[in-house]
>>> print(open('model.cif').read())   # mmCIF, C-alpha atoms and all ligand atoms
data_target
loop_
_atom_site.label_atom_id
_atom_site.label_comp_id
_atom_site.auth_asym_id
_atom_site.auth_seq_id
_atom_site.Cartn_x
_atom_site.Cartn_y
_atom_site.Cartn_z
CA MET A 1 12.93 -24.11 -23.92
CA ASP A 2 16.49 -23.10 -23.33
CA VAL A 3 16.11 -21.65 -19.82
CA LYS A 4 17.49 -22.36 -16.37
CA GLY A 5 14.77 -21.03 -14.14
CA PHE A 6 11.15 -20.06 -13.66
CA LEU A 7 9.29 -17.24 -12.01
CA ILE A 8 5.80 -18.46 -11.23
CA ASP A 9 2.71 -16.45 -10.33
CA LEU A 10 0.51 -17.90 -7.58
CA ASP A 11 -3.12 -16.76 -7.81
CA GLY A 12 -4.78 -18.19 -10.93
CA VAL A 13 -1.74 -20.33 -11.72
CA LEU A 14 -1.26 -22.65 -8.71
CA TYR A 15 -4.68 -22.07 -7.16
CA ILE A 16 -7.99 -20.27 -7.39
CA GLY A 17 -9.49 -19.47 -4.02
CA ASP A 18 -8.87 -22.47 -1.78
CA GLN A 19 -8.61 -24.90 -4.67
CA ALA A 20 -5.27 -26.01 -6.08
CA ILE A 21 -5.29 -26.16 -9.89
CA ASP A 22 -5.31 -29.78 -11.10
CA GLY A 23 -1.80 -30.95 -11.86
CA ALA A 24 -0.10 -27.86 -10.36
CA ARG A 25 1.68 -29.79 -7.61
CA ALA A 26 2.98 -32.34 -10.12
CA ALA A 27 4.24 -29.51 -12.35
CA ILE A 28 6.28 -28.05 -9.46
CA ASP A 29 7.62 -31.52 -8.65
CA LEU A 30 8.65 -31.91 -12.30
CA LEU A 31 10.64 -28.65 -12.17
CA LYS A 32 12.42 -29.91 -9.05
CA GLU A 33 13.12 -33.26 -10.66
CA LYS A 34 14.60 -31.59 -13.76
CA LYS A 35 16.73 -29.35 -11.51
CA TYR A 36 15.29 -26.05 -12.68
CA LYS A 37 15.51 -23.13 -10.29
CA PHE A 38 12.23 -21.42 -9.47
CA ARG A 39 10.78 -18.64 -7.36
CA PHE A 40 7.23 -17.41 -6.86
CA VAL A 41 6.28 -13.83 -7.65
CA SER A 42 2.84 -12.83 -6.49
CA ASN A 43 1.08 -9.48 -6.52
CA THR A 44 -0.99 -10.68 -3.57
CA THR A 45 -1.23 -7.79 -1.14
CA ARG A 46 -3.89 -9.13 1.23
CA LYS A 47 -1.59 -11.52 3.07
CA CYS A 48 1.84 -11.32 4.65
CA ARG A 49 4.54 -13.59 3.24
CA LYS A 50 4.23 -16.07 6.08
CA THR A 51 0.47 -16.48 5.53
CA VAL A 52 0.97 -16.89 1.77
CA SER A 53 3.46 -19.64 2.52
CA GLU A 54 1.18 -21.37 5.06
CA ARG A 55 -1.66 -21.39 2.55
CA LEU A 56 0.54 -23.09 -0.06
CA VAL A 57 1.48 -25.74 2.48
CA ARG A 58 -2.22 -26.25 3.26
CA LEU A 59 -2.91 -26.73 -0.46
CA GLY A 60 -0.22 -29.41 -0.53
CA PHE A 61 2.65 -27.48 -2.12
CA ASP A 62 6.14 -28.06 -0.80
CA ILE A 63 7.38 -24.48 -1.23
CA PRO A 64 9.66 -22.68 1.26
CA GLU A 65 8.68 -19.19 2.45
CA SER A 66 12.02 -17.79 1.28
CA SER A 67 11.18 -18.58 -2.35
CA ILE A 68 8.07 -16.37 -2.32
CA PHE A 69 8.37 -12.74 -3.40
CA THR A 70 5.54 -10.33 -2.67
CA PRO A 71 5.27 -6.55 -3.17
CA PRO A 72 5.63 -5.66 0.54
CA LEU A 73 9.18 -7.07 0.43
CA ALA A 74 10.00 -4.74 -2.44
CA ALA A 75 8.33 -1.81 -0.67
CA ILE A 76 10.41 -2.36 2.47
CA ALA A 77 13.60 -2.53 0.38
CA HIS A 78 12.52 0.74 -1.29
CA MET A 79 11.96 2.42 2.09
CA ASN A 80 15.18 1.11 3.59
CA ALA A 81 17.13 2.42 0.60
CA ALA A 82 15.71 5.90 1.22
CA GLY A 83 16.03 5.66 5.01
CA LYS A 84 12.43 6.81 5.50
CA HIS A 85 9.92 4.67 7.36
CA ARG A 86 6.71 6.52 8.15
CA CYS A 87 3.90 4.98 6.17
CA LEU A 88 0.15 5.02 5.93
CA LEU A 89 -1.01 1.55 4.91
CA LEU A 90 -4.09 1.07 2.73
CA THR A 91 -4.24 -2.69 2.99
CA THR A 92 -6.36 -5.43 4.47
CA GLY A 93 -5.73 -8.83 6.03
CA ASP A 94 -2.44 -9.37 7.83
CA VAL A 95 -0.16 -7.78 5.21
CA TYR A 96 0.76 -5.14 7.84
CA ARG A 97 2.83 -7.87 9.52
CA ASP A 98 5.42 -7.62 6.75
CA PHE A 99 5.82 -3.94 7.61
CA GLU A 100 5.63 -3.90 11.40
CA GLN A 101 9.26 -4.44 12.20
CA TRP A 102 10.42 -1.94 9.59
CA CYS A 103 7.95 0.92 9.57
CA ASP A 104 6.11 3.40 11.70
CA ARG A 105 2.60 2.58 10.55
CA ASN A 106 0.67 5.28 12.39
CA PRO A 107 2.41 8.59 11.80
CA GLU A 108 0.64 11.93 12.10
CA ASN A 109 -1.03 12.82 8.81
CA SER A 110 1.48 15.61 8.19
CA MET A 111 4.44 13.27 8.86
CA VAL A 112 3.81 10.53 6.30
CA ASP A 113 6.67 9.57 3.96
CA TYR A 114 4.75 6.90 2.05
CA VAL A 115 1.15 6.09 1.28
CA VAL A 116 1.29 2.36 0.64
CA VAL A 117 -1.64 1.09 -1.41
CA GLY A 118 -2.43 -2.60 -1.64
CA ASP A 119 -5.62 -4.44 -2.38
CA ALA A 120 -7.55 -3.21 0.66
CA GLY A 121 -10.81 -4.96 -0.24
CA GLU A 122 -13.68 -3.99 2.06
CA LYS A 123 -11.29 -1.89 4.21
CA MET A 124 -11.16 0.74 1.49
CA THR A 125 -13.42 3.59 2.49
CA TYR A 126 -13.85 7.20 1.42
CA GLY A 127 -12.32 8.28 4.74
CA LEU A 128 -9.21 6.16 4.30
CA LEU A 129 -8.74 7.14 0.67
CA ASN A 130 -9.16 10.80 1.55
CA ALA A 131 -6.66 10.56 4.42
CA ALA A 132 -4.24 9.06 1.91
CA PHE A 133 -4.98 11.87 -0.55
CA ARG A 134 -4.21 14.48 2.12
CA ALA A 135 -0.94 12.75 2.99
CA VAL A 136 0.06 12.70 -0.69
CA ILE A 137 -0.80 16.37 -1.11
CA GLY A 138 1.34 16.92 2.01
CA GLY A 139 4.36 15.36 0.28
CA ALA A 140 4.08 11.59 0.80
CA GLU A 141 5.10 9.31 -2.06
CA ILE A 142 2.45 6.93 -3.43
CA VAL A 143 3.83 3.39 -3.20
CA ALA A 144 1.61 1.01 -5.17
CA LEU A 145 2.11 -2.53 -3.93
CA GLU A 146 0.50 -3.49 -7.21
CA LYS A 147 -1.38 -1.62 -9.90
CA ASP A 148 -3.47 -4.48 -11.25
CA ARG A 149 -6.91 -3.61 -12.52
CA TYR A 150 -8.73 -6.64 -11.16
CA TRP A 151 -8.39 -10.23 -10.05
CA MET A 152 -10.56 -13.34 -10.20
CA ALA A 153 -12.25 -14.43 -6.96
CA PRO A 154 -14.22 -17.68 -6.79
CA ASP A 155 -17.44 -15.68 -7.29
CA GLY A 156 -16.21 -13.28 -9.99
CA PHE A 157 -13.97 -10.31 -10.81
CA MET A 158 -12.77 -8.05 -7.98
CA LEU A 159 -11.19 -4.58 -8.10
CA SER A 160 -7.45 -4.67 -7.31
CA ALA A 161 -5.32 -1.83 -5.95
CA GLY A 162 -4.83 -0.23 -9.38
CA PRO A 163 -8.10 1.69 -9.60
CA PHE A 164 -7.47 3.25 -6.16
CA VAL A 165 -3.84 4.08 -6.98
CA ALA A 166 -5.13 5.74 -10.15
CA ALA A 167 -7.63 7.75 -8.09
CA LEU A 168 -4.86 9.10 -5.82
CA GLU A 169 -2.60 9.85 -8.80
CA PHE A 170 -5.42 11.66 -10.58
CA ALA A 171 -6.48 13.68 -7.54
CA ALA A 172 -2.95 14.65 -6.45
CA GLY A 173 -1.43 14.99 -9.94
CA LYS A 174 1.39 12.63 -8.93
CA THR A 175 2.71 9.32 -10.21
CA SER A 176 3.05 6.26 -8.00
CA THR A 177 6.06 3.98 -7.65
CA VAL A 178 4.92 0.44 -8.45
CA MET A 179 6.48 -2.30 -6.31
CA GLY A 180 5.01 -5.56 -7.62
CA LYS A 181 4.79 -6.98 -11.13
CA PRO A 182 5.26 -5.60 -13.81
CA SER A 183 8.01 -3.49 -12.20
CA LYS A 184 11.46 -4.51 -13.45
CA ALA A 185 12.94 -4.05 -9.98
CA PHE A 186 10.54 -6.68 -8.65
CA PHE A 187 11.39 -9.29 -11.31
CA ASP A 188 15.08 -8.47 -10.81
CA MET A 189 14.84 -9.09 -7.06
CA ALA A 190 13.58 -12.66 -7.68
CA LEU A 191 16.00 -13.27 -10.58
CA ARG A 192 18.96 -12.14 -8.44
CA ASP A 193 17.90 -14.61 -5.78
CA MET A 194 18.23 -17.41 -8.39
CA ASP A 195 21.45 -15.91 -9.72
CA LEU A 196 20.00 -15.81 -13.24
CA ARG A 197 19.78 -13.19 -15.96
CA PRO A 198 16.37 -12.36 -17.47
CA ASP A 199 17.19 -14.23 -20.70
CA GLN A 200 17.80 -17.40 -18.67
CA ALA A 201 14.35 -17.39 -17.11
CA VAL A 202 10.69 -17.65 -18.00
CA MET A 203 7.66 -16.17 -16.27
CA VAL A 204 4.50 -18.26 -15.91
CA GLY A 205 1.33 -16.27 -15.24
CA ASP A 206 -2.36 -15.69 -15.97
CA ASP A 207 -2.24 -11.89 -16.35
CA ILE A 208 -1.40 -10.67 -19.83
CA ILE A 209 -0.23 -7.26 -18.59
CA THR A 210 1.50 -7.69 -15.23
CA ASP A 211 2.88 -11.19 -15.84
CA ILE A 212 3.36 -11.51 -19.58
CA ALA A 213 4.05 -7.98 -20.83
CA GLY A 214 6.03 -7.23 -17.65
CA ALA A 215 8.28 -10.25 -18.11
CA ARG A 216 8.74 -9.69 -21.86
CA LYS A 217 9.81 -6.06 -21.22
CA THR A 218 12.34 -7.33 -18.69
CA GLY A 219 13.81 -9.65 -21.36
CA MET A 220 12.32 -12.91 -20.08
CA LYS A 221 10.28 -15.49 -21.96
CA ALA A 222 6.67 -15.68 -20.80
CA VAL A 223 4.12 -18.49 -20.60
CA LEU A 224 0.44 -17.61 -20.32
CA VAL A 225 -1.84 -20.18 -18.69
CA ARG A 226 -5.51 -20.53 -19.63
CA THR A 227 -6.59 -20.57 -15.97
CA GLY A 228 -7.40 -17.86 -13.42
CA LYS A 229 -8.22 -14.55 -15.08
CA PHE A 230 -7.26 -15.79 -18.57
CA CYS A 231 -9.52 -14.40 -21.27
CA GLU A 232 -9.31 -15.29 -25.00
CA GLU A 233 -10.31 -11.77 -26.07
CA THR A 234 -7.66 -10.11 -23.88
CA LEU A 235 -5.03 -12.39 -25.41
CA ARG A 236 -6.21 -11.59 -28.95
CA SER A 237 -6.04 -7.84 -28.41
CA ALA A 238 -2.77 -7.84 -26.42
CA VAL A 239 0.08 -5.85 -27.97
CA ILE A 240 2.76 -7.90 -26.22
CA LYS A 241 2.15 -11.62 -26.71
CA PRO A 242 3.35 -14.55 -24.58
CA THR A 243 6.07 -16.89 -25.87
CA TYR A 244 3.76 -19.86 -25.21
CA VAL A 245 0.13 -20.35 -24.19
CA ILE A 246 -0.73 -23.54 -22.31
CA ASP A 247 -4.03 -24.83 -20.90
CA SER A 248 -2.72 -24.80 -17.35
CA ILE A 249 0.52 -25.13 -15.41
CA ALA A 250 -0.14 -28.88 -15.52
CA ARG A 251 1.02 -28.76 -19.18
CA LEU A 252 4.34 -27.05 -18.42
CA GLY A 253 6.13 -30.34 -19.10
CA ASP A 254 5.06 -30.10 -22.78
CA ILE A 255 7.24 -27.05 -23.41
CA LEU A 256 10.29 -27.79 -21.25
MG MG B 1 -2.34 -14.38 -11.20
#
>>> encode(input="model.cif", output="structure tokens")
Amino acid sequence: MDVKGFLIDLDGVLYIGDQAIDGARAAIDLLKEKKYKFRFVSNTTRKCRKTVSERLVRLGFDIPESSIFTPPLAAIAHMNAAGKHRCLLLTTGDVYRDFEQWCDRNPENSMVDYVVVGDAGEKMTYGLLNAAFRAVIGGAEIVALEKDRYWMAPDGFMLSAGPFVAALEFAAGKTSTVMGKPSKAFFDMALRDMDLRPDQAVMVGDDIITDIAGARKTGMKAVLVRTGKFCEETLRSAVIKPTYVIDSIARLGDIL
């Protein structure tokens, strides 16, 4: 492949749950050895960037925090550009930590600039969703940290933020601004950090829509791995196909 750099998804590509994918560490080492640039682009919205980084270290990956791009980073850039900082967060875990130094996270309902929707897991309740709906009706912008449909947990498929973003859009008759993959601005943020153009880079992911179609629309090559949420039927019916399909990131060396 005639490329200079890689954008690599995390969940389903480097690990599933607390298990690193066999050969994933060696694949990253190979990229380093061959002097490719690489960054990690994850739609993970349950953990702040620091926690994502610590988990990778725990799984044995030698990956600096600064090379990891997550949707909250893009959301904060979006808010800073507009100079507005009052947000209602629909998230779980410690993802709020990414926002705390930048945003007022507990504004009055009538004073909300942004309703920020991540994968809130068990934290998502009717009350929270309805408070978000009222804020949106009151003028707040819906900021979708991601709009994925689902993800693969160790015990099966889980709803992502997408279905809840869609509920707010439907109820309020508004459209969200999507921060994570497949948004072009998100890919661009990571590409800029490598100083590469889209045609000089390839995306490696397990999601045919957010990773593969998103990257192809941005002008990148895209490699689909048969791990994580990979599904043969979804690949067959996909309108936008990957450039390559490999069994797992362990086989990346075959197509370099
Ligand atoms: Mg993934």
>>> atom_distance(input="model.cif", atom1="CA of Ala215 (chain A)", atom2="CA of Ser183 (chain A)")
9.0 Å
>>> atom_distance(input="model.cif", atom1="CA of Thr177 (chain A)", atom2="CA of Ser66 (chain A)")
24.3 Å
>>> residues_near_ligand(input="model.cif", ligand="ligand MG 1 (chain B)", cutoff="10 Å", atoms="only C-alpha atoms and all ligand atoms", output="PyMOL selection string")
chain A and resi 8-16+41-44+148+151-152+204-208+210-211+225+227-230
>>> residues_around(input="model.cif", residues="Pro72 (chain A)", least_positions_apart="3", cutoff="10 Å", atoms="only C-alpha atoms", output="JSON, numbers by chain")
{"A": [43, 44, 45, 47, 48, 49, 69, 75, 76, 77, 78, 95, 96, 97, 98, 99, 116, 118, 143, 144, 145, 146, 179, 180]}
>>> closest_residue(input="model.cif", among="A:Ser248, A:Leu256, A:Arg134, A:Ala213", to="Ala20 (chain A)", atoms="all atoms listed in the file")
A:Ser248
>>> decode(input="model.cif", residues="region 20-86 of chain A", atoms="C-alpha atoms", output="PDB file, in the first residue's frame")
ATOM      1  CA  ALA A  20      -6.039  -7.598  23.640  1.00  0.00           C
ATOM      2  CA  ILE A  21      -6.555  -9.101  20.172  1.00  0.00           C
ATOM      3  CA  ASP A  22      -3.878 -11.704  19.422  1.00  0.00           C
ATOM      4  CA  GLY A  23      -1.039 -10.159  17.461  1.00  0.00           C
ATOM      5  CA  ALA A  24      -2.277  -6.563  17.872  1.00  0.00           C
ATOM      6  CA  ARG A  25       0.743  -5.417  19.874  1.00  0.00           C
ATOM      7  CA  ALA A  26       3.116  -6.918  17.311  1.00  0.00           C
ATOM      8  CA  ALA A  27       1.215  -5.158  14.506  1.00  0.00           C
ATOM      9  CA  ILE A  28       1.697  -1.768  16.208  1.00  0.00           C
ATOM     10  CA  ASP A  29       5.377  -2.566  16.758  1.00  0.00           C
ATOM     11  CA  LEU A  30       5.688  -3.399  13.049  1.00  0.00           C
ATOM     12  CA  LEU A  31       4.248   0.002  12.081  1.00  0.00           C
ATOM     13  CA  LYS A  32       6.795   1.682  14.355  1.00  0.00           C
ATOM     14  CA  GLU A  33       9.614  -0.393  12.923  1.00  0.00           C
ATOM     15  CA  LYS A  34       8.621   0.511   9.353  1.00  0.00           C
ATOM     16  CA  LYS A  35       8.435   4.193  10.361  1.00  0.00           C
ATOM     17  CA  TYR A  36       4.762   4.684   9.545  1.00  0.00           C
ATOM     18  CA  LYS A  37       2.951   7.450  11.372  1.00  0.00           C
ATOM     19  CA  PHE A  38      -0.177   6.414  13.248  1.00  0.00           C
ATOM     20  CA  ARG A  39      -2.893   7.801  15.482  1.00  0.00           C
ATOM     21  CA  PHE A  40      -5.839   6.171  17.206  1.00  0.00           C
ATOM     22  CA  VAL A  41      -9.382   7.322  16.524  1.00  0.00           C
ATOM     23  CA  SER A  42     -11.978   5.878  18.839  1.00  0.00           C
ATOM     24  CA  ASN A  43     -15.675   6.588  19.185  1.00  0.00           C
ATOM     25  CA  THR A  44     -15.423   5.481  22.807  1.00  0.00           C
ATOM     26  CA  THR A  45     -17.475   7.912  24.855  1.00  0.00           C
ATOM     27  CA  ARG A  46     -17.548   6.083  28.187  1.00  0.00           C
ATOM     28  CA  LYS A  47     -14.007   7.002  29.197  1.00  0.00           C
ATOM     29  CA  CYS A  48     -11.927  10.156  29.278  1.00  0.00           C
ATOM     30  CA  ARG A  49      -8.792  10.228  27.142  1.00  0.00           C
ATOM     31  CA  LYS A  50      -6.515   9.580  30.105  1.00  0.00           C
ATOM     32  CA  THR A  51      -8.449   6.446  31.114  1.00  0.00           C
ATOM     33  CA  VAL A  52      -8.445   5.169  27.511  1.00  0.00           C
ATOM     34  CA  SER A  53      -4.686   5.606  27.485  1.00  0.00           C
ATOM     35  CA  GLU A  54      -4.199   3.879  30.866  1.00  0.00           C
ATOM     36  CA  ARG A  55      -6.237   0.910  29.683  1.00  0.00           C
ATOM     37  CA  LEU A  56      -4.038   0.524  26.595  1.00  0.00           C
ATOM     38  CA  VAL A  57      -0.956   0.562  28.804  1.00  0.00           C
ATOM     39  CA  ARG A  58      -2.555  -2.107  31.011  1.00  0.00           C
ATOM     40  CA  LEU A  59      -3.178  -4.255  27.924  1.00  0.00           C
ATOM     41  CA  GLY A  60       0.503  -3.945  27.057  1.00  0.00           C
ATOM     42  CA  PHE A  61       0.358  -1.330  24.294  1.00  0.00           C
ATOM     43  CA  ASP A  62       3.053   1.316  24.194  1.00  0.00           C
ATOM     44  CA  ILE A  63       0.825   4.162  22.971  1.00  0.00           C
ATOM     45  CA  PRO A  64       1.113   7.781  24.192  1.00  0.00           C
ATOM     46  CA  GLU A  65      -2.048   9.586  25.332  1.00  0.00           C
ATOM     47  CA  SER A  66      -1.430  12.379  22.820  1.00  0.00           C
ATOM     48  CA  SER A  67      -1.887   9.965  19.897  1.00  0.00           C
ATOM     49  CA  ILE A  68      -5.440   9.063  20.939  1.00  0.00           C
ATOM     50  CA  PHE A  69      -8.352  11.027  19.490  1.00  0.00           C
ATOM     51  CA  THR A  70     -11.792  10.696  21.035  1.00  0.00           C
ATOM     52  CA  PRO A  71     -15.060  12.557  20.327  1.00  0.00           C
ATOM     53  CA  PRO A  72     -14.948  14.713  23.500  1.00  0.00           C
ATOM     54  CA  LEU A  73     -11.790  16.377  22.142  1.00  0.00           C
ATOM     55  CA  ALA A  74     -13.653  17.289  18.970  1.00  0.00           C
ATOM     56  CA  ALA A  75     -16.673  18.480  20.971  1.00  0.00           C
ATOM     57  CA  ILE A  76     -14.518  20.800  23.075  1.00  0.00           C
ATOM     58  CA  ALA A  77     -12.884  22.216  19.928  1.00  0.00           C
ATOM     59  CA  HIS A  78     -16.397  22.765  18.516  1.00  0.00           C
ATOM     60  CA  MET A  79     -17.508  24.601  21.673  1.00  0.00           C
ATOM     61  CA  ASN A  80     -14.357  26.689  21.905  1.00  0.00           C
ATOM     62  CA  ALA A  81     -14.767  27.758  18.272  1.00  0.00           C
ATOM     63  CA  ALA A  82     -18.276  29.029  19.069  1.00  0.00           C
ATOM     64  CA  GLY A  83     -17.269  30.512  22.437  1.00  0.00           C
ATOM     65  CA  LYS A  84     -20.189  28.792  24.193  1.00  0.00           C
ATOM     66  CA  HIS A  85     -19.621  26.411  27.078  1.00  0.00           C
ATOM     67  CA  ARG A  86     -22.825  25.499  28.879  1.00  0.00           C
TER      68      ARG A  86
END
